[in-house]
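File shown: model03.txt (compact mmCIF, C-alpha atoms).
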```txt
# COMPACT_ATOMS: atom_id res chain seq x y z
CA MET A 19 -74.93 38.25 -106.17
CA ILE A 20 -76.61 34.94 -106.89
CA ALA A 21 -74.61 32.72 -109.24
CA ASN A 22 -75.31 29.35 -110.80
CA TRP A 23 -72.69 26.66 -110.73
CA PRO A 24 -72.48 23.21 -112.29
CA CYS A 25 -72.70 20.71 -109.47
CA PRO A 26 -72.00 17.01 -110.07
CA GLY A 27 -75.40 15.40 -109.63
CA PRO A 28 -76.34 12.23 -107.81
CA TYR A 29 -77.37 10.97 -111.25
CA HIS A 30 -75.13 11.21 -114.29
CA GLY A 31 -74.23 14.69 -115.44
CA THR A 32 -74.47 17.91 -113.54
CA ALA A 33 -77.21 19.95 -111.95
CA SER A 34 -77.29 23.71 -111.71
CA GLU A 35 -77.14 24.92 -108.10
CA TYR A 36 -77.23 28.39 -106.63
CA ALA A 37 -74.46 30.12 -104.74
CA LEU A 38 -74.36 33.50 -103.02
CA VAL A 39 -71.24 35.35 -104.12
CA VAL A 40 -69.84 38.36 -102.24
CA GLU A 41 -66.84 39.79 -104.05
CA GLY A 42 -63.69 40.83 -102.22
CA SER A 43 -60.95 43.23 -103.23
CA GLY A 44 -57.95 40.96 -102.67
CA PRO A 45 -56.72 37.58 -103.84
CA VAL A 46 -58.43 35.53 -101.11
CA ARG A 47 -61.67 33.81 -101.95
CA VAL A 48 -63.32 31.59 -99.36
CA LEU A 49 -65.80 28.88 -100.26
CA ILE A 50 -68.33 28.56 -97.45
CA VAL A 51 -69.83 25.12 -96.89
CA PRO A 52 -73.01 25.68 -94.89
CA ALA A 53 -74.22 23.83 -91.82
CA LEU A 54 -76.38 20.84 -92.69
CA PHE A 55 -80.16 20.44 -92.53
CA ASP A 56 -82.06 22.72 -90.18
CA GLU A 57 -78.87 24.16 -88.71
CA GLY A 58 -78.12 25.54 -92.17
CA ASN A 59 -81.40 27.48 -92.08
CA ARG A 60 -80.85 28.71 -88.55
CA LEU A 61 -77.31 29.85 -89.33
CA ARG A 62 -77.89 31.31 -92.79
CA ARG A 63 -78.35 34.87 -91.62
CA PHE A 64 -75.29 34.59 -89.36
CA THR A 65 -73.30 33.11 -92.25
CA VAL A 66 -74.29 35.82 -94.73
CA GLU A 67 -73.49 38.53 -92.17
CA ALA A 68 -70.03 36.97 -91.81
CA MET A 69 -69.62 37.12 -95.61
CA ARG A 70 -70.37 40.85 -95.56
CA ALA A 71 -67.88 41.29 -92.72
CA LEU A 72 -65.28 39.37 -94.76
CA GLN A 73 -65.93 41.72 -97.67
CA ARG A 74 -65.16 44.69 -95.42
CA LEU A 75 -61.82 42.96 -94.74
CA GLY A 76 -61.21 42.63 -98.49
CA ILE A 77 -62.02 38.93 -98.67
CA GLY A 78 -64.43 37.47 -101.18
CA SER A 79 -66.62 34.51 -100.33
CA VAL A 80 -69.06 32.10 -101.94
CA LEU A 81 -71.85 30.33 -100.04
CA ILE A 82 -72.97 27.26 -101.98
CA ASP A 83 -76.25 25.38 -101.95
CA LEU A 84 -75.52 21.69 -101.54
CA PRO A 85 -77.60 19.44 -103.81
CA GLY A 86 -80.84 18.70 -101.97
CA SER A 87 -80.58 21.73 -99.70
CA ASN A 88 -81.85 25.31 -99.70
CA GLU A 89 -82.94 26.24 -103.28
CA SER A 90 -81.71 23.01 -104.88
CA LEU A 91 -84.16 21.16 -107.11
CA ILE A 92 -82.53 17.81 -106.35
CA PRO A 93 -84.52 15.78 -103.80
CA THR A 94 -82.61 15.26 -100.56
CA SER A 95 -83.66 11.62 -100.76
CA SER A 96 -81.38 11.09 -103.75
CA VAL A 97 -78.10 12.42 -102.33
CA SER A 98 -75.41 10.64 -100.34
CA LEU A 99 -72.66 12.10 -98.19
CA ASP A 100 -70.20 11.34 -101.00
CA ASP A 101 -72.31 13.43 -103.40
CA TRP A 102 -71.91 16.37 -101.03
CA LYS A 103 -68.13 15.81 -100.86
CA ARG A 104 -67.97 15.84 -104.66
CA ALA A 105 -70.09 19.01 -104.73
CA VAL A 106 -67.64 20.80 -102.41
CA SER A 107 -64.62 19.73 -104.47
CA ALA A 108 -66.29 20.87 -107.69
CA ALA A 109 -67.32 24.22 -106.17
CA VAL A 110 -63.76 24.93 -104.97
CA VAL A 111 -62.53 24.52 -108.54
CA HIS A 112 -65.43 26.32 -110.23
CA PHE A 113 -65.20 29.39 -107.99
CA SER A 114 -61.37 29.35 -107.81
CA ALA A 115 -61.55 29.36 -104.01
CA ASN A 116 -58.25 29.21 -102.14
CA HIS A 117 -59.74 28.46 -98.71
CA VAL A 118 -62.81 26.71 -97.34
CA LEU A 119 -64.82 27.79 -94.32
CA ALA A 120 -66.96 24.89 -93.11
CA ILE A 121 -69.79 25.68 -90.73
CA ARG A 122 -70.82 22.94 -88.24
CA GLY A 123 -71.71 19.77 -90.20
CA GLY A 124 -70.25 21.32 -93.34
CA GLY A 125 -66.90 20.15 -91.97
CA LEU A 126 -67.94 16.53 -92.59
CA ILE A 127 -67.76 16.95 -96.36
CA CYS A 128 -64.58 19.00 -96.84
CA GLY A 129 -62.02 16.19 -96.72
CA GLU A 130 -61.45 16.35 -100.47
CA ALA A 131 -61.66 20.12 -100.85
CA GLY A 132 -58.02 20.38 -101.96
CA VAL A 133 -57.46 23.75 -100.23
CA PRO A 134 -56.93 24.65 -96.52
CA VAL A 135 -60.10 24.25 -94.44
CA LEU A 136 -61.19 26.34 -91.47
CA ALA A 137 -63.95 24.64 -89.49
CA TYR A 138 -66.33 26.64 -87.31
CA ALA A 139 -67.86 24.60 -84.45
CA PRO A 140 -67.41 21.23 -86.17
CA VAL A 141 -69.70 18.39 -85.14
CA SER A 142 -69.65 14.65 -85.82
CA GLY A 143 -72.14 13.13 -88.22
CA ALA A 144 -73.32 10.78 -85.48
CA ALA A 145 -74.32 13.73 -83.27
CA ILE A 146 -76.32 15.34 -86.11
CA LEU A 147 -78.07 12.06 -86.82
CA ARG A 148 -78.79 11.43 -83.13
CA GLN A 149 -80.50 14.79 -82.75
CA MET A 150 -82.64 14.25 -85.87
CA VAL A 151 -83.61 10.75 -84.73
CA ARG A 152 -84.50 12.11 -81.31
CA MET A 153 -86.79 14.76 -82.82
CA ARG A 154 -88.64 12.01 -84.67
CA VAL A 155 -88.88 9.80 -81.56
CA LEU A 156 -90.22 12.68 -79.44
CA SER A 157 -92.74 13.90 -82.02
CA ALA A 158 -93.97 10.32 -82.58
CA ARG A 159 -94.41 9.91 -78.86
CA GLU A 160 -96.49 13.11 -78.72
CA ALA A 161 -98.66 11.65 -81.46
CA GLY A 162 -99.09 8.45 -79.44
CA ARG A 163 -96.75 6.30 -81.54
CA GLU A 164 -93.65 4.58 -80.31
CA ASP A 165 -90.67 4.88 -82.66
CA THR A 166 -87.29 3.75 -81.39
CA SER A 167 -83.89 5.08 -82.42
CA THR A 168 -82.72 1.57 -83.25
CA ASP A 169 -85.63 0.91 -85.64
CA LEU A 170 -85.37 4.34 -87.28
CA LEU A 171 -81.64 3.96 -87.90
CA HIS A 172 -82.14 0.46 -89.31
CA GLU A 173 -84.85 1.83 -91.62
CA GLY A 174 -82.54 4.68 -92.60
CA ARG A 175 -79.66 2.36 -93.47
CA THR A 176 -81.77 -0.01 -95.55
CA ARG A 177 -84.56 2.02 -97.19
CA GLY A 178 -83.99 5.61 -96.12
CA VAL A 179 -85.97 7.50 -93.49
CA VAL A 180 -87.66 10.87 -92.96
CA LEU A 181 -86.10 12.69 -90.01
CA ALA A 182 -86.96 16.23 -88.95
CA GLY A 183 -88.69 16.77 -92.27
CA TYR A 184 -85.74 15.59 -94.40
CA ALA A 185 -86.02 12.41 -96.47
CA LEU A 186 -82.57 10.87 -96.02
CA ALA A 187 -81.26 8.24 -98.42
CA PRO A 188 -79.40 5.20 -97.08
CA GLY A 189 -76.16 6.68 -98.46
CA LEU A 190 -76.66 9.80 -96.38
CA VAL A 191 -77.58 7.93 -93.19
CA THR A 192 -74.65 5.50 -93.36
CA GLY A 193 -72.33 8.31 -94.40
CA LEU A 194 -73.33 10.47 -91.45
CA GLU A 195 -73.03 7.62 -88.95
CA THR A 196 -69.28 7.45 -89.36
CA ALA A 197 -68.45 10.94 -90.62
CA GLU A 198 -65.98 12.99 -88.59
CA PRO A 199 -64.95 16.59 -89.25
CA CYS A 200 -62.07 16.85 -91.72
CA SER A 201 -58.69 17.95 -90.48
CA GLY A 202 -57.93 21.64 -90.50
CA ARG A 203 -57.92 24.61 -88.24
CA THR A 204 -60.88 24.77 -85.87
CA ILE A 205 -62.69 27.89 -84.69
CA ALA A 206 -64.55 27.07 -81.46
CA PRO A 207 -67.81 28.81 -80.47
CA SER A 208 -65.98 30.24 -77.45
CA ASP A 209 -63.47 31.90 -79.81
CA ILE A 210 -66.17 34.20 -81.14
CA GLY A 211 -68.19 34.58 -77.92
CA GLY A 212 -71.95 34.68 -77.42
CA ALA A 213 -74.43 31.82 -77.32
CA ALA A 214 -74.37 29.33 -80.19
CA LEU A 215 -77.01 30.45 -82.69
CA TRP A 216 -77.70 26.98 -84.13
CA LEU A 217 -79.18 25.89 -80.83
CA ARG A 218 -82.07 28.33 -81.06
CA ALA A 219 -85.41 27.06 -82.26
CA GLU A 220 -85.90 30.49 -83.85
CA ALA A 221 -83.28 31.58 -86.35
CA GLY A 222 -81.19 34.34 -84.86
CA GLU A 223 -78.38 36.65 -85.78
CA ASP A 224 -75.63 38.37 -83.86
CA ALA A 225 -73.56 40.96 -85.71
CA ALA A 226 -70.75 40.73 -83.13
CA GLN A 227 -70.41 36.96 -83.65
CA SER A 228 -70.39 37.32 -87.45
CA GLU A 229 -67.72 40.04 -87.23
CA ALA A 230 -65.61 37.92 -84.86
CA LEU A 231 -65.87 34.90 -87.15
CA ALA A 232 -64.83 37.00 -90.16
CA ARG A 233 -61.78 38.34 -88.29
CA LEU A 234 -60.67 34.82 -87.35
CA VAL A 235 -61.22 33.58 -90.89
CA ALA A 236 -59.17 36.49 -92.22
CA GLN A 237 -56.36 35.58 -89.81
CA GLY A 238 -56.63 31.93 -90.80
CA CYS A 239 -56.35 32.87 -94.47
CA GLY A 240 -53.21 34.84 -93.73
CA GLU A 241 -54.64 38.24 -94.49
CA MET B 22 -61.71 25.61 -62.58
CA THR B 23 -64.10 23.00 -63.94
CA LEU B 24 -67.76 23.81 -63.83
CA ASP B 25 -70.02 21.47 -61.91
CA THR B 26 -73.03 19.74 -63.45
CA ASP B 27 -75.44 22.33 -62.04
CA GLN B 28 -73.58 25.24 -63.62
CA ILE B 29 -73.15 23.50 -66.97
CA LEU B 30 -76.82 22.50 -67.07
CA ARG B 31 -77.94 26.06 -66.37
CA GLN B 32 -75.68 27.29 -69.20
CA ILE B 33 -77.10 24.71 -71.59
CA ILE B 34 -80.68 25.70 -70.75
CA ALA B 35 -79.86 29.40 -71.22
CA ASP B 36 -78.08 28.72 -74.54
CA VAL B 37 -80.64 26.35 -76.04
CA LEU B 38 -83.74 28.26 -75.00
CA GLY B 39 -82.27 31.74 -75.38
CA LEU B 40 -83.14 32.67 -71.80
CA PRO B 41 -81.17 35.32 -69.89
CA ARG B 42 -78.52 33.75 -67.64
CA GLU B 43 -79.85 35.68 -64.63
CA ARG B 44 -83.25 34.12 -65.06
CA VAL B 45 -81.85 30.58 -65.30
CA ALA B 46 -79.62 31.29 -62.28
CA GLU B 47 -82.81 31.77 -60.24
CA PHE B 48 -84.13 28.27 -61.07
CA ASP B 49 -84.45 26.02 -58.04
CA GLY B 50 -85.23 22.32 -57.77
CA ALA B 51 -88.98 22.93 -57.99
CA THR B 52 -88.89 25.25 -61.03
CA GLY B 53 -91.15 23.72 -63.67
CA LEU B 54 -89.64 23.08 -67.12
CA PHE B 55 -91.73 21.24 -69.74
CA GLY B 56 -95.20 22.78 -69.79
CA HIS B 57 -94.01 25.78 -67.78
CA LEU B 58 -91.47 27.38 -70.10
CA PRO B 59 -93.05 28.31 -73.44
CA GLU B 60 -89.55 28.26 -74.98
CA LEU B 61 -89.26 24.54 -74.22
CA ASP B 62 -91.26 22.77 -76.93
CA SER B 63 -90.72 19.25 -78.18
CA MET B 64 -88.22 20.39 -80.84
CA SER B 65 -86.09 22.26 -78.34
CA VAL B 66 -86.23 19.23 -76.02
CA ALA B 67 -84.31 17.31 -78.70
CA GLY B 68 -81.72 20.08 -78.88
CA LEU B 69 -81.47 20.31 -75.12
CA LEU B 70 -80.86 16.58 -74.68
CA THR B 71 -78.27 16.45 -77.48
CA GLU B 72 -76.43 19.43 -76.04
CA MET B 73 -76.45 17.77 -72.60
CA GLU B 74 -74.87 14.68 -74.18
CA ASP B 75 -72.16 16.76 -75.85
CA ARG B 76 -71.27 18.99 -72.91
CA LEU B 77 -71.80 16.58 -70.03
CA GLY B 78 -70.34 13.54 -71.77
CA PHE B 79 -73.01 10.84 -71.69
CA ILE B 80 -75.58 9.29 -74.01
CA ILE B 81 -79.30 9.44 -73.25
CA ASP B 82 -81.38 6.44 -74.32
CA ASP B 83 -84.92 6.75 -75.72
CA ASP B 84 -86.48 5.09 -72.70
CA GLU B 85 -84.82 7.52 -70.30
CA VAL B 86 -86.79 10.39 -71.84
CA ASP B 87 -90.19 10.57 -70.16
CA GLY B 88 -92.48 13.21 -68.74
CA GLU B 89 -90.81 13.16 -65.35
CA LEU B 90 -87.34 13.88 -66.72
CA LEU B 91 -88.26 17.41 -67.77
CA GLU B 92 -90.86 18.10 -65.10
CA THR B 93 -88.66 20.32 -62.94
CA TYR B 94 -85.15 21.68 -62.96
CA GLY B 95 -84.48 19.45 -59.95
CA SER B 96 -85.48 16.27 -61.81
CA LEU B 97 -83.33 17.14 -64.84
CA LEU B 98 -80.34 18.00 -62.65
CA ALA B 99 -80.67 14.78 -60.64
CA PHE B 100 -80.74 12.80 -63.89
CA ALA B 101 -77.63 14.57 -65.24
CA GLN B 102 -75.74 14.09 -61.98
CA ALA B 103 -76.63 10.38 -61.88
CA LYS B 104 -75.53 9.92 -65.51
CA ARG B 105 -72.20 11.58 -64.80
CA GLY B 106 -71.68 9.32 -61.81
```

Would you write out, as structure tokens, the structure that this file holds?
Amino acid sequence: MIANWPCPGPYHGTASEYALVVEGSGPVRVLIVPALFDEGNRLRRFTVEAMRALQRLGIGSVLIDLPGSNESLIPTSSVSLDDWKRAVSAAVVHFSANHVLAIRGGGLICGEAGVPVLAYAPVSGAAILRQMVRMRVLSAREAGREDTSTDLLHEGRTRGVVLAGYALAPGLVTGLETAEPCSGRTIAPSDIGGAALWLRAEAGEDAAQSEALARLVAQGCGE
Amino acid sequence: MTLDTDQILRQIIADVLGLPRERVAEFDGATGLFGHLPELDSMSVAGLLTEMEDRLGFIIDDDEVDGELLETYGSLLAFAQAKRG
């Protein structure tokens, strides 16, 4: 089911964002914070399959759109990393979640979630930024231009920069540069087996990986 | 047992490009990469290099990325081995 939820906006007031809600039959409700940027697209199918597997284990889950991502009407260029942290905290309260599952870069914005966090394949903000900068450097080079990482990061910190198709505000660039995954229990890619799906240029899915993730999340939530 | 650079690099290539492990195991020093593997486009190059940094423990500078780096499996392996010292 698609639900709307009031998300604190980067401006004053709130914006309405979407969330995918899969009801469970027990008391556990997991808020899922998706992977960031393109990894979020590549892992969406995997993530939703894991939600269905959680439902078969009796666990409800909610996959939120962060402001500026997926179906959000907020421009990515107006959000900072702190806005995303506030969005996660607000979603935990709104959906009465008692656990958070953070996927990849989602773990960078769960420090103020207020409930126990499970982090699947967490990654530092610097690594995410480095890959996006590299994509821009390589595509510029193919087009015969010479962009350097140093210049792009400077531009990002001062005026904002477009990387891998995402217009990033200075508050997002500087936030990512120093962001580390929040503390909590970590689920490593090797714990669920198979090749990491976020690495693929083409979005993939793997039912066995989604099932394995759901089982580990269920264990982590004490079910 | 710790894996050597050659084994890790083959795993990374298989994981990032979605190639069967058996096929990557057959790569030799002269196996062509960029321009030879349709799976390896400029976007997956970025993913490949970032994954090499994470799993092999070094940082790759912009000016180290040129046409020769990804010409053959041998050239990429030699680069990774030199970076690891």

Problem set entry | Test item: chain A residues at most 9 Å from chain B, counting all atoms listed in the file, as a list in words | Ala145, Ile146, Arg148, Gln149, Met150, Val151, Arg152, Met153, Val155, Leu156, Ser157, Glu160, Thr166, Ser167, Ala213, Ala214, Leu215, Trp216, Leu217, Arg218 and Ala219 of chain A

Residues within 9 Å of (-80.8, 30.3, -89.9), counting only C-alpha atoms, listed as a PDB file with C-alpha atoms, in the frame of the given file:
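The resulting part20.pdb:
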```
ATOM      1  CA  ASP A  56     -82.060  22.720 -90.180  1.00  0.00           C
ATOM      2  CA  GLU A  57     -78.870  24.160 -88.710  1.00  0.00           C
ATOM      3  CA  GLY A  58     -78.120  25.540 -92.170  1.00  0.00           C
ATOM      4  CA  ASN A  59     -81.400  27.480 -92.080  1.00  0.00           C
ATOM      5  CA  ARG A  60     -80.850  28.710 -88.550  1.00  0.00           C
ATOM      6  CA  LEU A  61     -77.310  29.850 -89.330  1.00  0.00           C
ATOM      7  CA  ARG A  62     -77.890  31.310 -92.790  1.00  0.00           C
ATOM      8  CA  ARG A  63     -78.350  34.870 -91.620  1.00  0.00           C
ATOM      9  CA  PHE A  64     -75.290  34.590 -89.360  1.00  0.00           C
ATOM     10  CA  THR A  65     -73.300  33.110 -92.250  1.00  0.00           C
ATOM     11  CA  LEU A 215     -77.010  30.450 -82.690  1.00  0.00           C
ATOM     12  CA  TRP A 216     -77.700  26.980 -84.130  1.00  0.00           C
ATOM     13  CA  GLU A 220     -85.900  30.490 -83.850  1.00  0.00           C
ATOM     14  CA  ALA A 221     -83.280  31.580 -86.350  1.00  0.00           C
ATOM     15  CA  GLY A 222     -81.190  34.340 -84.860  1.00  0.00           C
ATOM     16  CA  GLU A 223     -78.380  36.650 -85.780  1.00  0.00           C
TER      17      GLU A 223
END
```

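Counting all atoms listed in the file and comparing A:His117, A:Arg122, A:Arg104, A:His112, the residue that lies closest to A:Ser79 is A:His117.
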
For this session: Tell me which protein, DNA and RNA residues are within 6 Å of stretch 127-135 of chain A, counting all atoms listed in the file, leaving out same-chain ones fewer than 5 positions away, and put them as a PyMOL selection string.
Result: chain A and resi 103+107+116-119+200+202

Draw an axis-aligned box tight on the listed atoms of stretch 95-103 of chain B, then pad every side by 5 Å and write out centre and edge lengths in Å to one decimal as lines of an AutoDock Vina configuration file.
```
center_x = -80.6
center_y = 14.9
center_z = -62.6
size_x = 19.7
size_y = 19.1
size_z = 15.3
```

With a distance cut-off of 8 Å and all atoms listed in the file, select the neighbouring residues of A:Pro24, excluding the residue or stretch itself and same-chain residues fewer than 6 positions from it, and output the selection as a CSV table (one decimal) with C-alpha atoms, in the frame of the given file.
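Okay, this is what ended up in around-v8.csv:
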```
chain,number,residue,atom,x,y,z
A,32,THR,CA,-74.5,17.9,-113.5
A,33,ALA,CA,-77.2,20.0,-112.0
A,34,SER,CA,-77.3,23.7,-111.7
A,35,GLU,CA,-77.1,24.9,-108.1
A,112,HIS,CA,-65.4,26.3,-110.2
```

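Relative to atom CA of B:Phe79, atom CA of B:Phe48 is found at 23.2 Å.
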
Can you pull out the residues contacting A:Arg175? Cut-off 12 Å, using all atoms listed in the file, and skip same-chain residues under 4 positions away; I want them as a PDB file with C-alpha atoms, keeping the file's coordinate frame.
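part.pdb, written as the output of this step:
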```
ATOM      1  CA  SER A  98     -75.410  10.640-100.340  1.00  0.00           C
ATOM      2  CA  LEU A 147     -78.070  12.060 -86.820  1.00  0.00           C
ATOM      3  CA  THR A 168     -82.720   1.570 -83.250  1.00  0.00           C
ATOM      4  CA  ASP A 169     -85.630   0.910 -85.640  1.00  0.00           C
ATOM      5  CA  LEU A 170     -85.370   4.340 -87.280  1.00  0.00           C
ATOM      6  CA  LEU A 171     -81.640   3.960 -87.900  1.00  0.00           C
ATOM      7  CA  VAL A 179     -85.970   7.500 -93.490  1.00  0.00           C
ATOM      8  CA  VAL A 180     -87.660  10.870 -92.960  1.00  0.00           C
ATOM      9  CA  LEU A 186     -82.570  10.870 -96.020  1.00  0.00           C
ATOM     10  CA  ALA A 187     -81.260   8.240 -98.420  1.00  0.00           C
ATOM     11  CA  PRO A 188     -79.400   5.200 -97.080  1.00  0.00           C
ATOM     12  CA  GLY A 189     -76.160   6.680 -98.460  1.00  0.00           C
ATOM     13  CA  LEU A 190     -76.660   9.800 -96.380  1.00  0.00           C
ATOM     14  CA  VAL A 191     -77.580   7.930 -93.190  1.00  0.00           C
ATOM     15  CA  THR A 192     -74.650   5.500 -93.360  1.00  0.00           C
ATOM     16  CA  GLY A 193     -72.330   8.310 -94.400  1.00  0.00           C
ATOM     17  CA  LEU A 194     -73.330  10.470 -91.450  1.00  0.00           C
ATOM     18  CA  GLU A 195     -73.030   7.620 -88.950  1.00  0.00           C
TER      19      GLU A 195
END
```

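Taking atom CA of A:Ile77 as the reference point, atom CA of A:Ala232 is found at 9.2 Å.
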
Exercise. Using only C-alpha atoms, which residues sit within 10 Å of B:Leu90 once same-chain residues fewer than 5 positions away are excluded, as an NGL selection string?
Worked result: :B and (54-55 or 85 or 95-101)

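The two atoms in question, atom CA of A:Thr204 and atom CA of A:Gln227, are spaced 15.6 Å apart.
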
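Considering the residues A:Gly211, A:Tyr29, A:Ile20, A:Ala206 and counting all atoms listed in the file, A:Ser96 has its shortest atom-to-atom contact with A:Tyr29.
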
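All residues of protein, DNA or RNA that reach within 10 Å of A:Arg233, judged by only C-alpha atoms and not counting those fewer than 5 positions away in the chain, are Ala68, Ala71, Leu72, Leu75, Ile210, Gln227, Ser228, Gly238, Cys239 and Glu241 of chain A.
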
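You can rank B:Leu91, B:Ile29, B:Met73, B:Ala103 by their closest distance to B:Ala51 using all atoms listed in the file, and at the top of that list sits B:Leu91.
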